[in-house]
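Enquirer: Pasting query.tsv here (TSV, C-alpha atoms and all ligand atoms):
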```tsv
chain	number	residue	atom	x	y	z
J	84	MET	CA	104.89	61.58	96.55
J	85	GLU	CA	101.89	62.76	98.50
J	86	LEU	CA	98.65	60.89	97.69
J	87	PRO	CA	95.66	63.01	96.62
J	88	PHE	CA	93.55	62.16	99.69
J	89	PHE	CA	96.28	63.60	101.91
J	90	LYS	CA	95.73	66.98	100.28
J	91	LYS	CA	93.37	69.73	101.32
J	92	ALA	CA	91.74	72.44	99.20
J	93	LEU	CA	93.11	75.91	99.83
J	94	LEU	CA	89.90	77.96	99.53
J	95	PRO	CA	88.49	77.40	103.06
J	96	VAL	CA	91.42	79.40	104.51
J	97	PHE	CA	89.76	82.56	103.16
J	98	ASN	CA	86.89	82.25	105.60
J	99	GLY	CA	87.67	84.98	108.15
J	100	PHE	CA	90.95	85.78	106.37
J	101	VAL	CA	92.69	89.15	106.64
J	102	ASP	CA	94.67	89.92	103.47
J	103	TYR	CA	97.65	92.06	104.50
J	104	HIS	CA	99.01	92.56	100.97
J	105	SER	CA	97.12	93.33	97.77
J	106	HIS	CA	97.25	95.48	94.64
J	107	ILE	CA	93.49	96.00	94.37
J	108	LEU	CA	93.52	99.83	94.51
J	109	PRO	CA	92.97	100.46	90.80
J	110	GLY	CA	95.19	102.32	88.34
J	111	VAL	CA	98.10	103.18	90.63
J	112	ASP	CA	100.62	100.38	89.96
J	113	ASP	CA	100.97	97.10	88.04
J	114	GLY	CA	97.94	95.68	89.84
J	115	VAL	CA	94.23	96.06	89.16
J	116	ARG	CA	93.45	98.60	86.40
J	117	SER	CA	89.80	99.63	86.82
J	118	PHE	CA	87.25	100.28	89.57
J	119	GLU	CA	85.09	97.61	87.96
J	120	ASP	CA	87.84	94.98	88.37
J	121	SER	CA	88.44	96.03	92.00
J	122	LYS	CA	84.73	95.54	92.66
J	123	LYS	CA	84.69	92.12	91.01
J	124	ILE	CA	87.63	90.92	93.15
J	125	LEU	CA	86.25	92.37	96.38
J	126	GLU	CA	82.82	90.83	95.78
J	127	GLU	CA	84.51	87.46	95.29
J	128	TYR	CA	86.48	88.08	98.51
J	129	THR	CA	83.17	88.64	100.32
J	130	ARG	CA	81.82	85.39	98.91
J	131	LEU	CA	84.92	83.55	100.18
J	132	GLY	CA	84.49	85.06	103.66
J	133	VAL	CA	87.48	87.46	103.65
J	134	ARG	CA	87.05	89.84	106.57
J	135	LYS	CA	89.52	92.63	105.91
J	136	VAL	CA	91.82	93.71	103.06
J	137	TYR	CA	94.88	95.95	103.20
J	138	LEU	CA	95.40	97.73	99.89
J	139	THR	CA	99.16	97.99	99.50
J	140	PRO	CA	100.07	99.73	96.22
J	141	HIS	CA	103.72	99.91	95.20
J	142	VAL	CA	105.71	103.00	96.10
J	143	MET	CA	109.13	103.07	94.39
J	144	GLU	CA	111.32	105.24	92.19
J	145	ASP	CA	109.62	103.77	89.09
J	146	VAL	CA	106.12	104.12	90.62
J	147	PRO	CA	106.40	107.28	92.77
J	148	ASN	CA	102.87	107.29	94.23
J	149	THR	CA	102.46	109.93	96.95
J	150	VAL	CA	100.50	109.44	100.16
J	151	GLU	CA	98.13	112.19	99.07
J	152	GLU	CA	97.43	110.63	95.63
J	153	LEU	CA	96.86	107.19	97.13
J	154	LYS	CA	94.49	108.56	99.78
J	155	LYS	CA	92.51	110.35	97.07
J	156	ARG	CA	92.23	107.20	94.94
J	157	PHE	CA	91.22	105.21	98.04
J	158	GLU	CA	88.35	107.65	98.69
J	159	GLU	CA	87.30	107.32	95.04
J	160	LEU	CA	87.26	103.54	95.35
J	161	LYS	CA	85.16	103.68	98.51
J	162	ALA	CA	82.69	106.02	96.79
J	163	TYR	CA	82.51	103.65	93.81
J	164	LEU	CA	81.79	100.73	96.15
J	165	GLU	CA	79.01	102.44	98.04
J	166	GLY	CA	76.14	100.03	98.61
J	167	VAL	CA	78.29	97.00	97.65
J	168	THR	CA	79.09	94.43	100.35
J	169	VAL	CA	82.87	94.17	100.51
J	170	PRO	CA	85.38	93.32	103.28
J	171	GLU	CA	86.68	96.12	105.48
J	172	LEU	CA	89.29	98.06	103.47
J	173	VAL	CA	92.46	99.68	104.82
J	174	LEU	CA	94.93	101.76	102.82
J	175	ALA	CA	98.67	101.08	103.30
J	176	SER	CA	101.58	100.65	100.87
J	177	GLU	CA	104.39	98.34	99.75
J	178	ASN	CA	107.66	100.26	99.72
J	179	MET	CA	110.70	99.39	97.65
J	180	LEU	CA	113.87	99.93	99.68
J	181	ASP	CA	115.35	102.52	97.30
J	182	GLY	CA	116.35	106.20	97.22
J	183	LEU	CA	112.74	107.37	97.19
J	184	PHE	CA	112.04	105.34	100.32
J	185	SER	CA	114.89	107.09	102.10
J	186	GLU	CA	113.42	110.48	101.13
J	187	ARG	CA	109.88	109.62	102.13
J	188	LEU	CA	111.01	108.17	105.44
J	189	GLU	CA	112.88	111.37	106.28
J	190	LYS	CA	109.80	113.47	105.44
J	191	GLY	CA	107.55	111.13	107.43
J	192	GLU	CA	105.52	110.40	104.29
J	193	LEU	CA	104.75	106.71	104.66
J	194	LEU	CA	101.57	104.66	104.75
J	195	PRO	CA	102.24	102.04	107.44
J	196	LEU	CA	100.14	98.89	107.63
J	197	ASP	CA	98.75	99.21	111.12
J	198	GLY	CA	100.47	102.22	112.65
J	199	GLU	CA	103.67	100.34	113.37
J	200	HIS	CA	104.55	97.93	110.55
J	201	VAL	CA	105.86	99.32	107.26
J	202	LEU	CA	105.67	96.81	104.39
J	203	VAL	CA	108.95	96.80	102.45
J	204	GLU	CA	110.39	94.87	99.52
J	205	THR	CA	113.62	94.66	97.54
J	206	SER	CA	114.47	93.50	94.03
J	207	TYR	CA	114.17	89.71	93.65
J	208	TYR	CA	117.79	89.44	92.54
J	209	ASN	CA	119.89	91.83	94.64
J	210	PRO	CA	119.53	93.55	97.97
J	211	PRO	CA	120.00	97.34	97.96
J	212	TYR	CA	123.61	98.24	98.86
J	213	ASN	CA	122.35	100.13	101.94
J	214	MET	CA	119.73	97.67	103.18
J	215	GLU	CA	121.20	97.61	106.71
J	216	GLU	CA	121.09	101.40	106.88
J	217	LEU	CA	117.51	101.66	105.56
J	218	ILE	CA	116.24	99.02	107.99
J	219	PHE	CA	118.07	100.75	110.83
J	220	LYS	CA	116.57	104.16	109.92
J	221	LEU	CA	113.09	102.69	109.69
J	222	LYS	CA	113.43	101.11	113.12
J	223	SER	CA	114.88	104.33	114.56
J	224	ALA	CA	111.78	106.17	113.31
J	225	GLY	CA	109.72	103.84	115.53
J	226	TYR	CA	108.49	101.40	112.91
J	227	ILE	CA	108.75	97.63	112.55
J	228	PRO	CA	110.00	96.69	109.06
J	229	LEU	CA	107.77	94.01	107.56
J	230	LEU	CA	109.54	92.27	104.67
J	231	ALA	CA	107.16	91.19	101.90
J	232	HIS	CA	107.59	87.68	100.42
J	233	PRO	CA	111.07	86.83	101.82
J	234	GLU	CA	110.70	83.38	100.23
J	235	ARG	CA	110.93	84.95	96.74
J	236	TYR	CA	114.30	86.71	97.03
J	237	ARG	CA	116.84	84.72	95.04
J	238	TYR	CA	119.74	86.24	96.94
J	239	MET	CA	118.53	85.16	100.38
J	240	GLU	CA	119.67	82.04	102.16
J	241	LYS	CA	118.77	80.60	105.52
J	242	SER	CA	121.48	82.63	107.25
J	243	ASP	CA	120.02	85.85	105.75
J	244	TYR	CA	116.55	84.99	107.03
J	245	GLU	CA	118.01	84.42	110.48
J	246	HIS	CA	120.01	87.63	110.30
J	247	TRP	CA	116.98	89.79	109.43
J	248	LYS	CA	114.70	88.11	111.95
J	249	ASN	CA	117.34	88.68	114.63
J	250	SER	CA	117.54	92.34	113.54
J	251	GLY	CA	113.86	92.82	114.34
J	252	VAL	CA	112.48	92.53	110.81
J	253	HIS	CA	109.12	90.79	110.55
J	254	PHE	CA	108.26	88.51	107.63
J	255	GLN	CA	105.15	88.35	105.49
J	256	MET	CA	104.37	85.23	103.48
J	257	ASN	CA	102.92	85.47	100.02
J	258	LEU	CA	100.16	82.84	99.87
J	259	SER	CA	100.75	82.39	96.15
J	260	SER	CA	104.33	81.24	96.86
J	261	LEU	CA	103.05	78.42	99.04
J	262	VAL	CA	100.80	77.04	96.30
J	263	GLY	CA	103.66	77.13	93.79
J	264	PHE	CA	102.70	80.09	91.56
J	265	TYR	CA	106.29	81.39	91.67
J	266	GLY	CA	108.01	78.04	91.16
J	267	ASP	CA	109.58	75.36	93.29
J	268	SER	CA	112.26	77.39	94.98
J	269	ALA	CA	109.84	80.01	96.37
J	270	ARG	CA	107.45	77.25	97.45
J	271	LYS	CA	110.19	75.31	99.26
J	272	ASN	CA	111.45	78.45	101.01
J	273	ALA	CA	107.89	79.30	102.05
J	274	GLU	CA	107.37	75.81	103.47
J	275	MET	CA	110.65	76.02	105.36
J	276	LEU	CA	109.92	79.48	106.83
J	277	LEU	CA	106.40	78.38	107.74
J	278	LYS	CA	107.63	75.25	109.52
J	279	GLU	CA	110.35	77.24	111.32
J	280	ASN	CA	107.65	79.62	112.56
J	281	MET	CA	109.40	82.63	111.00
J	282	TYR	CA	106.38	84.34	109.44
J	283	ASP	CA	104.50	87.09	111.25
J	284	PHE	CA	101.96	88.03	108.55
J	285	ILE	CA	100.39	86.66	105.41
J	286	GLY	CA	98.94	88.21	102.27
J	287	THR	CA	97.93	87.25	98.76
J	288	ASP	CA	99.89	89.98	96.89
J	289	LEU	CA	96.99	89.70	94.46
J	290	HIS	CA	97.39	91.78	91.28
J	291	ARG	CA	94.40	90.50	89.27
J	292	TYR	CA	91.25	88.40	89.38
J	293	ARG	CA	92.89	85.45	87.63
J	294	VAL	CA	94.80	84.64	90.82
J	295	LEU	CA	91.51	83.86	92.58
J	296	GLU	CA	90.65	81.39	89.82
J	297	MET	CA	94.04	79.74	90.34
J	298	TYR	CA	93.42	79.50	94.08
J	299	GLU	CA	90.18	77.65	93.35
J	300	GLY	CA	91.94	74.50	92.22
J	301	ALA	CA	94.89	74.82	94.61
J	302	LYS	CA	95.59	72.11	97.16
J	303	LEU	CA	98.12	71.76	99.98
J	304	SER	CA	99.40	68.76	101.88
J	305	LYS	CA	97.58	68.28	105.19
J	306	ARG	CA	100.78	69.03	107.07
J	307	ILE	CA	101.46	72.35	105.31
J	308	PHE	CA	97.77	73.22	105.55
J	309	SER	CA	97.87	72.88	109.33
J	310	TYR	CA	100.96	75.14	109.60
J	311	LEU	CA	99.18	77.66	107.39
J	312	GLU	CA	96.03	77.53	109.51
J	313	LYS	CA	98.12	78.23	112.59
J	314	LEU	CA	99.74	81.31	110.98
J	315	ILE	CA	96.37	82.63	109.74
J	316	TYR	CA	94.79	82.12	113.14
J	317	PHE	CA	97.73	83.94	114.77
J	318	VAL	CA	97.53	87.05	112.58
J	319	ARG	CA	93.82	87.63	112.13
R	1	FE	FE	103.11	93.32	96.27
```
Could you render the structure as structure tokens?

Expert:
Amino acid sequence: MELPFFKKALLPVFNGFVDYHSHILPGVDDGVRSFEDSKKILEEYTRLGVRKVYLTPHVMEDVPNTVEELKKRFEELKAYLEGVTVPELVLASENMLDGLFSERLEKGELLPLDGEHVLVETSYYNPPYNMEELIFKLKSAGYIPLLAHPERYRYMEKSDYEHWKNSGVHFQMNLSSLVGFYGDSARKNAEMLLKENMYDFIGTDLHRYRVLEMYEGAKLSKRIFSYLEKLIYFVR
């Protein structure tokens, strides 16, 4: 058992933080619903010292957002926020590795994170039957696949993590996994991947304001906190 004075509060990590994964663009997926809620979250981000936020709405067969629709909603959000102090905002997307992804990739209709990384995810329970092929096609198109929350996939084991890292896939940690919001198994995987230096990016994957309230009371062991600080320093 770790004694309380060996723990550190999570919140200070947000000072200067770049959030590479969020569902704050309103009304386009299962994330934030209204412009008002987006504003409330982004104002709180400013208060915490967050520097930059990537808005990464879901794109999948069940949520077939187009690049054009997302860009339009992004412009509407920016207009709504005029005069409000918020972190720098960048539009990207989180892409389910499914049939729609294959189509969009072929048409060149993707919203990469930073010009080269494309944020991708799979179901939590099973990989797509053609995951190798999709990753290969994405790389062949000149992108680096960035796998969202690898620690949360029930079907992945250490050998899978090693396989994908060796295939040139980058990993993005979900901060909420590390503080235990998704249970023990995701937290333990996150700690292991963090210690093994396998993460390349980090994000909150925030879907609603409540998550920020949960972060407020969150604490990490000093050891995990120092690994986390190193990752955050590396990516920002
Ligand atoms: Fe997400």

Enquirer: Have a look at J:Pro170, J:Tyr292, J:Lys271, J:Leu188 and name the one nearest to Lys241 of chain J; count all atoms listed in the file.

Expert: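 Among the listed residues, J:Lys271 lies closest to Lys241 of chain J.
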
Enquirer: Sort by chain and increasing residue number a table of all residues of chain J within 8 Å of ligand FE 1 (chain R), each with its closest pair of atoms and their distance in Å to one decimal, counting only C-alpha atoms and all ligand atoms, and write it as a Markdown table.

Expert:
```
| residue | atom | partner | partner_atom | distance |
| --- | --- | --- | --- | --- |
| J:His104 | CA | R:FE1 | FE | 6.3 |
| J:Ser105 | CA | R:FE1 | FE | 6.2 |
| J:His106 | CA | R:FE1 | FE | 6.5 |
| J:Thr139 | CA | R:FE1 | FE | 6.9 |
| J:Pro140 | CA | R:FE1 | FE | 7.1 |
| J:His141 | CA | R:FE1 | FE | 6.7 |
| J:Glu177 | CA | R:FE1 | FE | 6.2 |
| J:Ala231 | CA | R:FE1 | FE | 7.3 |
| J:Asp288 | CA | R:FE1 | FE | 4.7 |
| J:Leu289 | CA | R:FE1 | FE | 7.3 |
| J:His290 | CA | R:FE1 | FE | 7.7 |
```

Enquirer: If we count all atoms listed in the file, what is near Tyr238 of chain J at a cut-off of 12 Å, once residues fewer than 4 positions away on the same chain are taken out, given as a compact mmCIF listing (two decimals) with C-alpha atoms, in the frame of the given file?

Expert:
```
# COMPACT_ATOMS: atom_id res chain seq x y z
CA THR J 205 113.62 94.66 97.54
CA SER J 206 114.47 93.50 94.03
CA TYR J 207 114.17 89.71 93.65
CA TYR J 208 117.79 89.44 92.54
CA ASN J 209 119.89 91.83 94.64
CA PRO J 210 119.53 93.55 97.97
CA PRO J 211 120.00 97.34 97.96
CA PRO J 233 111.07 86.83 101.82
CA GLU J 234 110.70 83.38 100.23
CA SER J 242 121.48 82.63 107.25
CA ASP J 243 120.02 85.85 105.75
CA TYR J 244 116.55 84.99 107.03
CA SER J 268 112.26 77.39 94.98
CA ALA J 269 109.84 80.01 96.37
```

Enquirer: Rank J:Lys278, J:Leu221, J:Ser121, J:Glu245 by their smallest atom-to-atom distance to Gly191 of chain J, using all atoms listed in the file, and report the top residue only.

Expert: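 The closest residue to Gly191 of chain J is J:Leu221.
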
Enquirer: Do a neighbour search on Asp283 of chain J at 12 Å with all atoms listed in the file, toss out local chain neighbours closer than 6 positions, and write the hits as a ChimeraX atom specification.

Expert: /J:103,200,202,227-233,248,251-257,276-277,311,313-319

Enquirer: For atom CA of Leu295 of chain J and atom CA of Tyr310 of chain J, determine how far apart the two atoms are, in Å to one decimal place.

Expert: 21.3 Å

Enquirer: Using all atoms listed in the file, find the one residue out of J:Asn98, J:Asn148, J:Ser223, J:Asn249 that sits nearest to Glu312 of chain J.

Expert: J:Asn98

Enquirer: Tell me which of J:Gly166, J:Gly300, J:Gly266, J:Gly286 sits closest to Val136 of chain J, counting all atoms listed in the file.

Expert: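 The closest residue to Val136 of chain J is J:Gly286.
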
Enquirer: Give the answer as one residue: which of J:Glu165, J:Glu144, J:Glu299, J:Glu159 has the shortest atom-to-atom distance to Phe184 of chain J, using only C-alpha atoms?

Expert: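 Nearest candidate to Phe184 of chain J out of J:Glu165, J:Glu144, J:Glu299, J:Glu159: J:Glu144.
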
Enquirer: Which residue, J:Thr287, J:Thr129, J:Thr149, J:Ser304, has the smallest gap to Val169 of chain J when you use all atoms listed in the file?

Expert: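 That would be J:Thr129, the residue with the smallest distance to Val169 of chain J.
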
Enquirer: Which polymer residues have any atom within 6 Å of an atom of Met179 of chain J, counting only C-alpha atoms, with same-chain residues fewer than 2 positions away left out, as an mmCIF file with C-alpha atoms, in the frame of the given file?

Expert:
```cif
data_model
loop_
_atom_site.group_PDB
_atom_site.id
_atom_site.type_symbol
_atom_site.label_atom_id
_atom_site.label_comp_id
_atom_site.auth_asym_id
_atom_site.auth_seq_id
_atom_site.Cartn_x
_atom_site.Cartn_y
_atom_site.Cartn_z
ATOM 1 C CA MET J 143 109.130 103.070 94.390
ATOM 2 C CA ASP J 181 115.350 102.520 97.300
ATOM 3 C CA VAL J 203 108.950 96.800 102.450
ATOM 4 C CA GLU J 204 110.390 94.870 99.520
ATOM 5 C CA THR J 205 113.620 94.660 97.540
#
```
